[in-house]
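Chemist: After the structure tokens below, expect a handful of questions from me.
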Amino acid sequence: MRVPDRESVAALTGQVPVRDALGENGRAALMEWLAAARRQPPDPLLMKVLAGAGAWLASLFIVAFTLTALIVDEQWGAIVSGVVLLVASAPLMRNEQSVFLRQMALAFAMAGDLLVIVGATFLHDGALTDVMLVAAVVQLVVAAVAWFFLDHPAFRFAAALAFFGFATAWLIGKQHAVLIHVLFAAELLAGALWFRAGLSRRFLPLPYAAATAFLVTIAFLELMERTSWLAQEFETFAPMPVAFMLVAAFAALIAWLQGRGQVTRQAGVAGLVVIGVLAWFSTPGVLAALLLLAAAYALADRVLGTGAALFLPWFLYHYYYAMNVTLAQKSAVLIASGVLLLAGFALLGSRGRQKGEAST
Amino acid sequence: MDIRYRPFKDDAAEIRALDQAYRAGIIGRGPLLAALAVQRTPSHWLNWARFWLLVYGVALVLAGVVFFFAYNWSAMHRFEKFALIEAGIAACILLAWRSGWRGSLGQAFLVAGAVLVGVLLAVFGQVYQTGADAWQLFFAWAALIFIWALAGNSAALWLLWITVADLAILLNAEQVQSRDALMNMLLLAGAVPLAVLGLREVLLMRGGNWLADAWLRAVLLLAGLVFFSIPAMAGIVDAADEGEPLAWFAGWLALAVAAFCVYRWTFRDVLALTLIVFDAATILLVVIADVLFERGIEEAVLFVFSMIIIGVVGGAYYWLRRLATAMHHESNGMDREVEHASA
């Protein structure tokens with residue numbers, strides 16, 4: 001991060017909306033933090049991601065050690081070991097100064113979580129889908145409890161993502177169309193947390209995990225048995241329910257932007273019309289990619305932006321193998337979607353030129 | 001106020017600072033959202049929308065065309081196939097010329113045309129059943145679009161060319177070469193992005209701006225490091241068994257040291273140094289794992305190795321952090337010298 005100079009930050013934070021949101025104490029704390037950052041710049045995100053990956057790798061070996069050192073039949077041993085590791089990681093994680101201790105704490109926490117899940121699922125003799133349900137419930141409890149005393153964004157993200165993953169796997173196994181869409185709605189609502197001014201940084205990993213789970217599930221939606229009861233009812237190509245949810249999410253985002261004066265009413269309505277038309281005939285993956293891109297720009301979030309940019313090609317790869325729609329239909333959907341977007345580009349270009357001519 | 005949209009370049013440093021301060025718990029989220037409301041005007045959103053409507057529109061149309069050919073493969077006459085693809089290529093070139101080669105629209109059309117060249121070759125190979133291996137298709141594709149990449153001066157086009165060239169090398173390695181040659185082919189695959197990166201950096205040092213996008217450095221360096229690391233690790237693991245030359249390891253070491261020196265003292269790029277250091281940490285862990293697990297997997301060794309992973313990764317992180325601080329102070333010192341000189 002390039003640390004900006006004091007004057008430019010003062011100019012921005014001096015503007016009324018920002019000044020009111022910060023308050024005098026907040027402004028002073030910010031300036032003090034920036035002064036410290038000029039001496040010691042914050043660590044780049046890539047460093048933190050790679051360090052987190054290293055801790056995750058170490059956690060796998062800790063888990064392997066624990067399972068082989070204990071008698072493997074002792075599932076309760078795995079659960080107890082997991083809880084011990086989770087509790088032991090808490091005081092280590094509070095040490096902000098030692099990188100080694102925080103890494104070890106993260107590895108212990110991830111290993112502990114994994115051991116608890118492994119122990120709980122081995123205890124349950126049942127079908128795989130029921131095992132997934134047990135894993136989801138146990139993971140929810142572990143994540144909810146550990147969330148408040150393990151202060152590490154990588155752990156919180158992994159714990160939340162694991163819950164969403166187990167829940168999705170259970171619902172897919174049960175082929176429960178309605179509940180899958182309830183889960184989609186929950187994930188979209190979790191994403192709405194990003195836009196709350198009062199969101200504590202403690203809960204910031206939750207919308208990232210929800211967005212990741214949502215995108216992965218969307219990519220495989222076409223591979224699952226078709227969950228659109230509209231299509232089954234009318235035996236025609238019809239939009240999936242998740243498309244309506246995405247339109248609603250877009251509408252909420254546009255309303256939020258309009259409320260803050262970032263988008264004009266006219267532009268917002270035009271954008272919503274385009275999204276609505278896309279929702280009718282296009283695949284939800286295209287809508288999800290656009291929604292994520294828009295959210296990333298609205299929040300100036302580069303992680304989100306990178307994920308959004310990478311999602312579309314990845315989705316198209318999986319879309320190619322969707323079994324319940326022919327390649328001809330998929331081709332028509334994609335070309336029509338692309339043409340609609342290019343028409344939007346041409347329209348915006350001409351309106352931009354009209355505004356330029358009017359202003360001169 | 002600059003309202004142009006450029007991916008990952010449009011955020012003011014002040015916004016990034018507020019974001020970091022929020023994540024560090026110094027301020028709440030409200031000030032960050034308020035600052036974004038002040039900085040993101042309707043004009044910014046207009047430019048953002050135009051950019052992504054263009055990129056996604058082109059990408060979806062291209063994908064649809066590929067899907068279309070996949071579907072109609074058996075039903076179409078061969079001349080229909082060739083005519084459609086060649087018309088598409090011609091249209092892309094014409095539209096790129098009309099839009100201007102250097103503009104974002106022109107470059108988008110060039111990329112689209114370059115992709116269609118690959119589609120044409122694939123169709124040609126299928127129709128005439130030439131018996132060519134897949135690597136030969138990619139090789140021809142890379143050869144044909146090389147001039148486009150040179151003329152287009154587009155990071156996306158160069159990335160496409162590098163990807164296609166590397167795929168040709170890797171497929172050749174898989175389909176034709178022996179195992180020893182496979183590792184050498186990986187080095188060749190790594191040399192392609194590194195050659196482009198090296199040329200870019202030399203021109204940058206001399207004041208040029210060829211492929212100046214910052215993200216391209218990270219992508220090309222990562223590709224080069226990965227391709228050089230795999231033979232290095234294979235050389236370490238197999239060295240005791242078959243007397244494999246340590247040349248692969250030496251090649252990686254030379255690359256890592258050279259890249260470290262360049263990005264530490266010439267460009268002062270923390271991101272590039274992060275990639276190099278963590279790549280070195282990975283290879284170190286492979287060496288240690290090879291030694292520790294030589295006699296099989298033992299319980300205590302699993303725990304010891306997990307602690308070693310934490311130590312190596314933590315050590316790399318700690319060292320990088322100190323390096324970043326030192327480079328930051330050096331940059332600040334240089335900025336003050338420039339200010340004094342200009343004053």
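Ligands are numbered from 1 in the order shown, residues from 1 within each chain, and chains are lettered A, B, ... in the order they appear in the structure tokens.
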Considering only helix (DSSP H, G or I) as DSSP defines it on the backbone, what residues of range 66-271 of chain B qualify? List them as a count of residues only.

Modeler: 172

Chemist: Please identify every residue of chain A that has at least one atom no more than 6 Å from any atom of chain B, counting only C-alpha atoms, and report them as a short mmCIF file (atom, residue, chain, number, x, y, z; two decimals) with all heavy atoms, in the first residue's frame.

Modeler:
data_model
loop_
_atom_site.label_atom_id
_atom_site.label_comp_id
_atom_site.auth_asym_id
_atom_site.auth_seq_id
_atom_site.Cartn_x
_atom_site.Cartn_y
_atom_site.Cartn_z
N PRO A 4 -0.56 7.46 1.60
CA PRO A 4 -0.77 8.81 1.07
C PRO A 4 -0.23 9.86 2.04
O PRO A 4 -0.03 9.60 3.22
CB PRO A 4 -2.30 8.90 0.96
CG PRO A 4 -2.80 7.94 1.97
CD PRO A 4 -1.80 6.84 2.07
N VAL A 9 -5.00 13.07 2.66
CA VAL A 9 -5.93 12.37 3.57
C VAL A 9 -6.78 13.40 4.31
O VAL A 9 -7.99 13.23 4.47
CB VAL A 9 -5.16 11.49 4.57
CG1 VAL A 9 -6.11 10.90 5.59
CG2 VAL A 9 -4.42 10.40 3.85
N PRO A 17 -19.37 14.34 4.60
CA PRO A 17 -19.84 13.00 4.93
C PRO A 17 -18.78 12.15 5.64
O PRO A 17 -19.08 11.41 6.59
CB PRO A 17 -20.18 12.39 3.56
CG PRO A 17 -20.30 13.52 2.64
CD PRO A 17 -19.36 14.58 3.15
N VAL A 18 -17.53 12.30 5.20
CA VAL A 18 -16.46 11.50 5.78
C VAL A 18 -16.14 12.01 7.18
O VAL A 18 -15.92 11.24 8.12
CB VAL A 18 -15.19 11.54 4.89
CG1 VAL A 18 -14.14 10.58 5.42
CG2 VAL A 18 -15.52 11.21 3.45
N ALA A 21 -18.72 10.87 9.60
CA ALA A 21 -18.64 9.43 9.88
C ALA A 21 -17.45 9.12 10.79
O ALA A 21 -17.51 8.23 11.63
CB ALA A 21 -18.50 8.65 8.57
N LEU A 22 -16.36 9.88 10.62
CA LEU A 22 -15.15 9.61 11.39
C LEU A 22 -15.24 10.16 12.80
O LEU A 22 -14.85 9.49 13.76
CB LEU A 22 -13.96 10.28 10.69
CG LEU A 22 -13.02 9.39 9.86
CD1 LEU A 22 -11.93 10.23 9.23
CD2 LEU A 22 -12.41 8.28 10.69
N GLN A 40 6.32 1.95 9.11
CA GLN A 40 6.21 0.51 8.93
C GLN A 40 4.97 0.24 8.08
O GLN A 40 3.88 0.16 8.61
CB GLN A 40 6.07 -0.19 10.28
CG GLN A 40 5.71 -1.68 10.21
CD GLN A 40 6.85 -2.56 9.80
OE1 GLN A 40 7.93 -2.51 10.37
NE2 GLN A 40 6.64 -3.36 8.77
N ALA A 58 0.50 -26.75 7.40
CA ALA A 58 1.01 -27.28 8.67
C ALA A 58 -0.11 -27.96 9.45
O ALA A 58 0.11 -28.99 10.10
CB ALA A 58 1.62 -26.14 9.49
N PHE A 61 -0.63 -31.60 8.62
CA PHE A 61 0.33 -32.52 9.23
C PHE A 61 0.06 -32.70 10.72
O PHE A 61 0.26 -33.78 11.27
CB PHE A 61 1.77 -32.02 9.00
CG PHE A 61 2.27 -32.29 7.61
CD1 PHE A 61 2.10 -31.36 6.60
CD2 PHE A 61 2.87 -33.50 7.31
CE1 PHE A 61 2.55 -31.63 5.30
CE2 PHE A 61 3.32 -33.77 6.01
CZ PHE A 61 3.15 -32.83 5.02
N ILE A 62 -0.43 -31.65 11.37
CA ILE A 62 -0.78 -31.79 12.78
C ILE A 62 -1.94 -32.76 12.93
O ILE A 62 -1.96 -33.61 13.83
CB ILE A 62 -1.14 -30.41 13.39
CG1 ILE A 62 0.10 -29.50 13.41
CG2 ILE A 62 -1.72 -30.56 14.78
CD1 ILE A 62 -0.19 -28.08 13.79
N PHE A 65 -0.70 -36.22 12.35
CA PHE A 65 0.03 -36.68 13.54
C PHE A 65 -0.95 -37.09 14.63
O PHE A 65 -0.83 -38.15 15.25
CB PHE A 65 0.95 -35.58 14.05
CG PHE A 65 1.38 -35.76 15.48
CD1 PHE A 65 2.28 -36.76 15.82
CD2 PHE A 65 0.86 -34.96 16.50
CE1 PHE A 65 2.67 -36.94 17.14
CE2 PHE A 65 1.25 -35.15 17.81
CZ PHE A 65 2.16 -36.14 18.13
N VAL A 99 5.29 -13.31 14.56
CA VAL A 99 4.71 -13.95 13.37
C VAL A 99 4.65 -15.46 13.56
O VAL A 99 3.66 -16.10 13.21
CB VAL A 99 5.55 -13.60 12.13
CG1 VAL A 99 5.09 -14.40 10.92
CG2 VAL A 99 5.47 -12.12 11.84
N PHE A 100 5.71 -16.02 14.16
CA PHE A 100 5.77 -17.47 14.34
C PHE A 100 4.62 -17.94 15.22
O PHE A 100 3.94 -18.93 14.90
CB PHE A 100 7.11 -17.86 14.95
CG PHE A 100 7.23 -19.34 15.22
CD1 PHE A 100 7.56 -20.22 14.22
CD2 PHE A 100 6.98 -19.86 16.49
CE1 PHE A 100 7.64 -21.58 14.45
CE2 PHE A 100 7.07 -21.21 16.74
CZ PHE A 100 7.40 -22.08 15.72
N ALA A 197 -22.58 0.15 7.20
CA ALA A 197 -21.56 1.03 7.77
C ALA A 197 -21.11 0.54 9.14
O ALA A 197 -20.00 0.81 9.58
CB ALA A 197 -22.09 2.46 7.87
N ARG A 201 -15.05 -5.28 11.78
CA ARG A 201 -14.07 -6.03 10.99
C ARG A 201 -14.04 -7.49 11.42
O ARG A 201 -13.58 -8.35 10.69
CB ARG A 201 -12.68 -5.41 11.12
CG ARG A 201 -12.05 -5.61 12.48
CD ARG A 201 -10.66 -5.02 12.55
NE ARG A 201 -10.05 -5.37 13.82
CZ ARG A 201 -9.23 -6.38 14.01
NH1 ARG A 201 -8.91 -7.16 13.00
NH2 ARG A 201 -8.73 -6.64 15.19
N ARG A 260 -26.75 7.22 -2.32
CA ARG A 260 -25.51 7.91 -2.01
C ARG A 260 -25.08 8.83 -3.14
O ARG A 260 -23.97 9.38 -3.11
CB ARG A 260 -24.41 6.89 -1.73
CG ARG A 260 -24.82 5.90 -0.65
CD ARG A 260 -23.87 4.71 -0.62
NE ARG A 260 -22.69 5.02 0.16
CZ ARG A 260 -22.65 4.98 1.48
NH1 ARG A 260 -23.71 4.67 2.16
NH2 ARG A 260 -21.54 5.29 2.11
N GLN A 262 -24.27 8.13 -6.20
CA GLN A 262 -23.20 7.63 -7.07
C GLN A 262 -23.73 7.22 -8.43
O GLN A 262 -22.97 7.10 -9.38
CB GLN A 262 -22.51 6.43 -6.42
CG GLN A 262 -21.77 6.79 -5.15
CD GLN A 262 -21.10 5.58 -4.53
OE1 GLN A 262 -21.56 5.02 -3.56
NE2 GLN A 262 -19.99 5.17 -5.11
N VAL A 263 -25.02 6.98 -8.52
CA VAL A 263 -25.64 6.57 -9.78
C VAL A 263 -26.92 7.38 -9.94
O VAL A 263 -27.67 7.57 -8.98
CB VAL A 263 -25.96 5.06 -9.74
CG1 VAL A 263 -26.92 4.66 -10.84
CG2 VAL A 263 -24.68 4.25 -9.86
N LEU A 327 -25.75 -27.82 -26.12
CA LEU A 327 -24.72 -26.85 -26.50
C LEU A 327 -25.31 -25.74 -27.36
O LEU A 327 -24.86 -24.58 -27.28
CB LEU A 327 -23.59 -27.55 -27.26
CG LEU A 327 -22.45 -28.11 -26.39
CD1 LEU A 327 -21.50 -28.94 -27.24
CD2 LEU A 327 -21.70 -26.98 -25.70
N ALA A 328 -26.31 -26.07 -28.18
CA ALA A 328 -26.93 -25.04 -29.01
C ALA A 328 -27.61 -23.99 -28.14
O ALA A 328 -27.48 -22.79 -28.36
CB ALA A 328 -27.94 -25.68 -29.96
N SER A 331 -24.96 -21.96 -26.41
CA SER A 331 -24.37 -21.03 -27.36
C SER A 331 -25.28 -19.82 -27.57
O SER A 331 -24.84 -18.67 -27.54
CB SER A 331 -24.13 -21.75 -28.69
OG SER A 331 -23.77 -20.82 -29.68
N LEU A 334 -25.26 -17.52 -24.48
CA LEU A 334 -24.04 -16.74 -24.32
C LEU A 334 -23.95 -15.63 -25.37
O LEU A 334 -23.60 -14.48 -25.05
CB LEU A 334 -22.81 -17.65 -24.39
CG LEU A 334 -22.65 -18.63 -23.23
CD1 LEU A 334 -21.43 -19.52 -23.44
CD2 LEU A 334 -22.54 -17.90 -21.90
N ILE A 335 -24.24 -15.98 -26.62
CA ILE A 335 -24.13 -14.96 -27.67
C ILE A 335 -25.15 -13.85 -27.45
O ILE A 335 -24.83 -12.66 -27.55
CB ILE A 335 -24.29 -15.60 -29.06
CG1 ILE A 335 -23.08 -16.49 -29.36
CG2 ILE A 335 -24.45 -14.53 -30.15
CD1 ILE A 335 -23.17 -17.23 -30.68
N GLY A 338 -23.98 -11.71 -24.63
CA GLY A 338 -22.88 -10.86 -25.05
C GLY A 338 -23.34 -9.71 -25.91
O GLY A 338 -22.90 -8.56 -25.74
N LEU A 341 -24.98 -7.05 -23.78
CA LEU A 341 -23.99 -6.25 -23.06
C LEU A 341 -23.28 -5.28 -24.02
O LEU A 341 -23.03 -4.11 -23.67
CB LEU A 341 -22.97 -7.14 -22.36
CG LEU A 341 -23.52 -8.03 -21.24
CD1 LEU A 341 -22.39 -8.83 -20.59
CD2 LEU A 341 -24.24 -7.21 -20.19
N LEU A 342 -22.97 -5.74 -25.23
CA LEU A 342 -22.30 -4.86 -26.19
C LEU A 342 -23.24 -3.74 -26.65
O LEU A 342 -22.80 -2.61 -26.89
CB LEU A 342 -21.81 -5.66 -27.40
CG LEU A 342 -20.61 -6.56 -27.12
CD1 LEU A 342 -20.29 -7.46 -28.32
CD2 LEU A 342 -19.37 -5.74 -26.76
N PHE A 345 -23.01 -1.24 -24.03
CA PHE A 345 -21.76 -0.49 -24.20
C PHE A 345 -21.92 0.58 -25.27
O PHE A 345 -21.53 1.74 -25.07
CB PHE A 345 -20.64 -1.46 -24.58
CG PHE A 345 -19.39 -0.78 -25.08
CD1 PHE A 345 -18.51 -0.19 -24.20
CD2 PHE A 345 -19.11 -0.71 -26.44
CE1 PHE A 345 -17.37 0.45 -24.65
CE2 PHE A 345 -17.98 -0.07 -26.90
CZ PHE A 345 -17.11 0.51 -26.02
#

Chemist: Residues near range 108-122 of chain B, anyone? I mean within 8 Å using only C-alpha atoms, not counting same-chain ones fewer than 5 positions away, as a list in words.

Modeler: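 My list of contacting residues is Val55, Val58, Leu62, Val66, Phe82, Ile85, Glu86, Gly88, Ile89, Ala90, Cys92, Ile93, Leu95, Ala96, Leu137, Phe138, Ala140, Trp141, Leu144, Ile145, Trp148, Gly152, Ala156, Leu157 and Leu160 of chain B.
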
Chemist: Restricting it to N, CA, C and O atoms, dump the selection as a CSV table (one decimal), in the first residue's frame.

Modeler:
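Contents of the output file out_38.csv:
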chain,number,residue,atom,x,y,z
B,55,VAL,N,-15.8,-5.8,-22.2
B,55,VAL,CA,-15.0,-7.0,-21.9
B,55,VAL,C,-15.9,-8.2,-21.8
B,55,VAL,O,-15.6,-9.2,-22.5
B,58,VAL,N,-17.7,-9.1,-25.2
B,58,VAL,CA,-16.8,-9.8,-26.2
B,58,VAL,C,-16.6,-11.2,-25.7
B,58,VAL,O,-16.6,-12.2,-26.5
B,62,LEU,N,-17.6,-14.5,-27.8
B,62,LEU,CA,-16.6,-15.5,-28.2
B,62,LEU,C,-16.9,-16.9,-27.6
B,62,LEU,O,-16.8,-17.9,-28.4
B,66,VAL,N,-17.6,-20.5,-29.7
B,66,VAL,CA,-16.9,-21.7,-29.5
B,66,VAL,C,-18.0,-22.8,-29.2
B,66,VAL,O,-17.9,-23.9,-29.7
B,82,PHE,N,-15.2,-23.0,-42.2
B,82,PHE,CA,-14.0,-22.1,-42.5
B,82,PHE,C,-14.5,-20.7,-42.8
B,82,PHE,O,-13.9,-19.7,-42.4
B,85,ILE,N,-15.5,-18.7,-39.6
B,85,ILE,CA,-14.4,-18.4,-38.7
B,85,ILE,C,-13.5,-17.3,-39.4
B,85,ILE,O,-13.1,-16.3,-38.7
B,86,GLU,N,-13.2,-17.5,-40.7
B,86,GLU,CA,-12.4,-16.5,-41.3
B,86,GLU,C,-13.1,-15.2,-41.4
B,86,GLU,O,-12.4,-14.1,-41.4
B,88,GLY,N,-15.1,-14.1,-39.2
B,88,GLY,CA,-14.9,-13.5,-37.9
B,88,GLY,C,-13.6,-12.9,-37.7
B,88,GLY,O,-13.4,-11.8,-37.1
B,89,ILE,N,-12.5,-13.6,-38.1
B,89,ILE,CA,-11.2,-13.0,-38.0
B,89,ILE,C,-11.0,-11.7,-38.8
B,89,ILE,O,-10.5,-10.7,-38.3
B,90,ALA,N,-11.6,-11.7,-40.0
B,90,ALA,CA,-11.5,-10.5,-40.8
B,90,ALA,C,-12.2,-9.3,-40.1
B,90,ALA,O,-11.8,-8.2,-40.1
B,92,CYS,N,-12.8,-8.9,-37.0
B,92,CYS,CA,-12.1,-8.5,-35.8
B,92,CYS,C,-11.0,-7.5,-36.2
B,92,CYS,O,-10.7,-6.5,-35.6
B,93,ILE,N,-10.2,-7.9,-37.2
B,93,ILE,CA,-9.1,-7.1,-37.7
B,93,ILE,C,-9.6,-5.7,-38.2
B,93,ILE,O,-9.1,-4.7,-37.8
B,95,LEU,N,-12.5,-4.2,-37.4
B,95,LEU,CA,-13.0,-3.4,-36.3
B,95,LEU,C,-11.8,-2.9,-35.4
B,95,LEU,O,-11.9,-1.8,-34.9
B,96,ALA,N,-10.8,-3.7,-35.2
B,96,ALA,CA,-9.6,-3.2,-34.5
B,96,ALA,C,-9.0,-2.0,-35.2
B,96,ALA,O,-8.6,-1.0,-34.5
B,137,LEU,N,-0.8,-28.0,-33.2
B,137,LEU,CA,-1.8,-27.0,-33.3
B,137,LEU,C,-1.5,-25.7,-32.6
B,137,LEU,O,-1.5,-24.6,-33.1
B,138,PHE,N,-1.1,-25.9,-31.3
B,138,PHE,CA,-0.8,-24.8,-30.5
B,138,PHE,C,0.5,-24.1,-31.0
B,138,PHE,O,0.6,-22.8,-30.9
B,140,ALA,N,1.5,-23.8,-34.1
B,140,ALA,CA,1.1,-23.0,-35.3
B,140,ALA,C,0.3,-21.8,-34.8
B,140,ALA,O,0.5,-20.7,-35.4
B,141,TRP,N,-0.5,-22.0,-33.9
B,141,TRP,CA,-1.3,-20.9,-33.3
B,141,TRP,C,-0.4,-19.8,-32.8
B,141,TRP,O,-0.6,-18.6,-33.1
B,144,LEU,N,1.4,-18.0,-35.6
B,144,LEU,CA,0.6,-17.1,-36.4
B,144,LEU,C,0.2,-15.8,-35.7
B,144,LEU,O,0.1,-14.7,-36.3
B,145,ILE,N,0.0,-15.9,-34.4
B,145,ILE,CA,-0.4,-14.7,-33.7
B,145,ILE,C,0.8,-13.9,-33.1
B,145,ILE,O,0.6,-12.9,-32.4
B,148,TRP,N,0.8,-10.5,-34.4
B,148,TRP,CA,-0.3,-9.7,-33.8
B,148,TRP,C,0.1,-9.2,-32.4
B,148,TRP,O,-0.2,-8.0,-32.1
B,152,GLY,N,0.2,-5.4,-31.7
B,152,GLY,CA,-0.9,-4.9,-30.8
B,152,GLY,C,-0.4,-4.2,-29.6
B,152,GLY,O,-1.1,-3.3,-29.0
B,156,ALA,N,-2.9,-8.1,-22.7
B,156,ALA,CA,-3.7,-9.3,-22.8
B,156,ALA,C,-3.3,-10.2,-24.0
B,156,ALA,O,-3.3,-11.4,-23.9
B,157,LEU,N,-3.0,-9.5,-25.1
B,157,LEU,CA,-2.6,-10.3,-26.3
B,157,LEU,C,-1.3,-11.1,-26.0
B,157,LEU,O,-1.1,-12.2,-26.4
B,160,LEU,N,-2.0,-14.0,-23.9
B,160,LEU,CA,-2.6,-15.1,-24.7
B,160,LEU,C,-1.5,-15.8,-25.5
B,160,LEU,O,-1.4,-17.0,-25.5

Chemist: Mind checking which residues fall within 8 Å of range 211-223 of chain B, counting only C-alpha atoms, ignoring those fewer than 6 positions away in the same chain, and posting them as a short mmCIF file (atom, residue, chain, number, x, y, z; two decimals) with all heavy atoms, in the first residue's frame?

Modeler:
data_model
loop_
_atom_site.label_atom_id
_atom_site.label_comp_id
_atom_site.auth_asym_id
_atom_site.auth_seq_id
_atom_site.Cartn_x
_atom_site.Cartn_y
_atom_site.Cartn_z
N ASN B 153 0.75 -4.60 -29.06
CA ASN B 153 1.30 -3.98 -27.85
C ASN B 153 0.30 -4.02 -26.70
O ASN B 153 0.13 -3.04 -25.98
CB ASN B 153 1.70 -2.52 -28.16
CG ASN B 153 2.62 -1.96 -27.09
OD1 ASN B 153 3.32 -2.70 -26.42
ND2 ASN B 153 2.57 -0.65 -26.89
N SER B 154 -0.35 -5.16 -26.58
CA SER B 154 -1.39 -5.29 -25.56
C SER B 154 -0.96 -6.38 -24.57
O SER B 154 -0.54 -7.46 -24.97
CB SER B 154 -2.70 -5.69 -26.23
OG SER B 154 -3.53 -6.41 -25.35
N ALA B 155 -1.10 -6.06 -23.28
CA ALA B 155 -0.71 -7.04 -22.26
C ALA B 155 -1.56 -8.31 -22.39
O ALA B 155 -1.05 -9.43 -22.26
CB ALA B 155 -0.88 -6.44 -20.87
N GLY B 190 9.12 -22.18 -19.01
CA GLY B 190 9.34 -21.07 -18.09
C GLY B 190 10.15 -19.95 -18.73
O GLY B 190 9.97 -18.77 -18.42
N PRO B 193 7.79 -16.93 -20.66
CA PRO B 193 7.35 -15.73 -19.92
C PRO B 193 8.50 -14.92 -19.35
O PRO B 193 8.43 -13.70 -19.26
CB PRO B 193 6.45 -16.29 -18.81
CG PRO B 193 6.83 -17.72 -18.68
CD PRO B 193 7.30 -18.15 -20.02
N LEU B 194 9.58 -15.60 -18.95
CA LEU B 194 10.71 -14.87 -18.38
C LEU B 194 11.41 -14.01 -19.43
O LEU B 194 11.90 -12.93 -19.12
CB LEU B 194 11.70 -15.85 -17.75
CG LEU B 194 11.22 -16.52 -16.47
CD1 LEU B 194 12.20 -17.59 -16.01
CD2 LEU B 194 10.99 -15.50 -15.36
N VAL B 196 9.95 -12.56 -22.01
CA VAL B 196 9.09 -11.38 -22.19
C VAL B 196 9.25 -10.44 -20.99
O VAL B 196 9.37 -9.22 -21.15
CB VAL B 196 7.62 -11.80 -22.37
CG1 VAL B 196 6.70 -10.59 -22.41
CG2 VAL B 196 7.46 -12.64 -23.63
N LEU B 197 9.29 -11.04 -19.80
CA LEU B 197 9.44 -10.23 -18.59
C LEU B 197 10.78 -9.50 -18.60
O LEU B 197 10.86 -8.30 -18.28
CB LEU B 197 9.34 -11.12 -17.35
CG LEU B 197 9.51 -10.42 -16.00
CD1 LEU B 197 8.40 -9.42 -15.76
CD2 LEU B 197 9.55 -11.45 -14.87
N ARG B 200 10.72 -6.65 -20.96
CA ARG B 200 9.89 -5.58 -20.38
C ARG B 200 10.67 -4.78 -19.34
O ARG B 200 10.64 -3.55 -19.33
CB ARG B 200 8.66 -6.21 -19.74
CG ARG B 200 7.79 -5.23 -18.96
CD ARG B 200 6.87 -6.02 -18.04
NE ARG B 200 5.91 -5.17 -17.36
CZ ARG B 200 6.08 -4.63 -16.15
NH1 ARG B 200 7.21 -4.84 -15.49
NH2 ARG B 200 5.15 -3.89 -15.60
N LEU B 204 11.81 -0.92 -19.38
CA LEU B 204 11.34 -0.05 -18.30
C LEU B 204 12.50 0.73 -17.69
O LEU B 204 12.38 1.92 -17.40
CB LEU B 204 10.66 -0.87 -17.20
CG LEU B 204 9.13 -1.03 -17.27
CD1 LEU B 204 8.63 -1.82 -16.09
CD2 LEU B 204 8.43 0.32 -17.34
N LEU B 271 5.83 -7.17 -3.99
CA LEU B 271 5.01 -8.29 -4.50
C LEU B 271 5.89 -9.33 -5.19
O LEU B 271 5.76 -10.53 -4.95
CB LEU B 271 3.97 -7.73 -5.47
CG LEU B 271 2.87 -8.69 -5.92
CD1 LEU B 271 2.06 -9.17 -4.75
CD2 LEU B 271 1.96 -8.00 -6.92
N ALA B 272 6.79 -8.86 -6.04
CA ALA B 272 7.69 -9.79 -6.74
C ALA B 272 8.58 -10.53 -5.74
O ALA B 272 8.79 -11.74 -5.86
CB ALA B 272 8.53 -9.03 -7.76
N LEU B 275 6.74 -13.36 -4.05
CA LEU B 275 6.65 -14.58 -4.89
C LEU B 275 7.95 -15.36 -4.84
O LEU B 275 7.96 -16.58 -4.70
CB LEU B 275 6.31 -14.19 -6.33
CG LEU B 275 4.91 -13.63 -6.58
CD1 LEU B 275 4.78 -13.14 -8.02
CD2 LEU B 275 3.86 -14.68 -6.28
#

Chemist: Considering only C-alpha atoms, can you say which of A:Ala78, A:Ala127, A:Val141, A:Ala296 comes closest to Leu114 in chain A?

Modeler: A:Ala78

Chemist: Quick check, in Å to one decimal: how far apart do CA of Asp125 in chain A and CA of Ile79 in chain A lie?

Modeler: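 Pair CA of Asp125 in chain A / CA of Ile79 in chain A returns 16.1 Å.
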